[in-house]
Amino acid sequence: MAHDLADTELVQLLDRIATRARPGDAEAALRSLYDLTSSKLYGVALRVVGNREWAEDVLQDAYLNIWRIAVDYRASLSPPMAWMGVIVRSRALDFLRRRNTERIDTAVELDDYIADTVAGDSADPMDTSQASEQAWALHECLRKLEARQREVVSLAYLRDLSHSELAQQLKLPLGTVKTWIRRGLEQLRGCMARFA
């Protein structure tokens, strides 16, 4: 019951941020949302990046992103903490990719593409809903992978890195990288099929 009340309060705050109906109200809602959720979300960021200063940067970036895309949040698809957790994890992985690769320009292009896609004003509501459901399903399936395997699969497809580039960047044997990607994709296919 208390969990439902907390979710209800978070959903209301996200709605206030999304509507921006009264001057100052959205900002106040964001401050309240931050006060209620930042400690847990900081923990998520810290687990991913492993450095307190980096986690603070990731958290700030995540709340800016929440500010921008609050209008896309759908309570029927995901609890608010899970939705925000996905954003924090995504921002943390983006942060690590930018730190661990010399292809900074590619990361910026990817971030711009994602921002344009999320903020686009021409999306059909049904497409947006289906995309949100698919993104949630993918997140759930990725979460079931072992952490290093999830990292390899994410880097391979989000950064379009070859197997040898991944092996070099992650300092892993090439065979290990290939095996993790193959097994990870098999697990993802099986998991995603259950959501279809």
# chains A, B, ... in the order shown; residues from 1 in each chain; ligands from 1
>>> residues_around(residues="Asn65 of chain A", least_positions_apart="6", cutoff="10 Å", atoms="only C-alpha atoms", output="ChimeraX atom specification")
/A:59,84,87-88,91,115
>>> residues_around(residues="Tyr42 of chain A", least_positions_apart="5", cutoff="12 Å", atoms="only C-alpha atoms", output="list in words")
Tyr34, Asp35, Leu36, Thr37, Arg47, Val48, Val49, Gly50, Asn51, Arg52, Glu53, Trp54, Ala55, Glu56, Asp57, Val58, Leu59, Gln60, Asp61, Ala62, Tyr63, Met84, Gly85, Ile87, Val88, Arg89, Arg91 and Ala92 of chain A
>>> residues_around(residues="Ala147 of chain A", least_positions_apart="4", cutoff="12 Å", atoms="only C-alpha atoms", output="ChimeraX atom specification")
/A:47-48,93,142-143,151-154,180,184
>>> residues_around(residues="Leu13 of chain A", least_positions_apart="3", cutoff="12 Å", atoms="only C-alpha atoms", output="number ranges by chain")
A: 6-10, 16-20, 25-37, 66-67, 70-71, 73, 75, 80
>>> closest_residue(among="A:Pro23, A:Asp72, A:Met81, A:Val11", to="Val44 of chain A", atoms="only C-alpha atoms")
A:Met81
>>> atom_distance(atom1="atom CA of Ala45 of chain A", atom2="atom CA of Val86 of chain A")
10.3 Å
>>> select_by_dssp(residues="segment 3-187 of chain A", states="helix (DSSP H, G or I)", output="number ranges by chain")
A: 3-19, 25-49, 52-72, 80-100, 104-119, 125-143, 147-158, 163-170, 174-187
>>> closest_residue(among="A:Gln149, A:Ser162, A:Gln168, A:Ser78", to="Arg183 of chain A", atoms="only C-alpha atoms")
A:Gln149
>>> atom_distance(atom1="atom CA of His163 of chain A", atom2="atom CA of Glu140 of chain A")
24.5 Å
>>> atom_distance(atom1="atom CA of Cys191 of chain A", atom2="atom CA of Leu174 of chain A")
25.6 Å
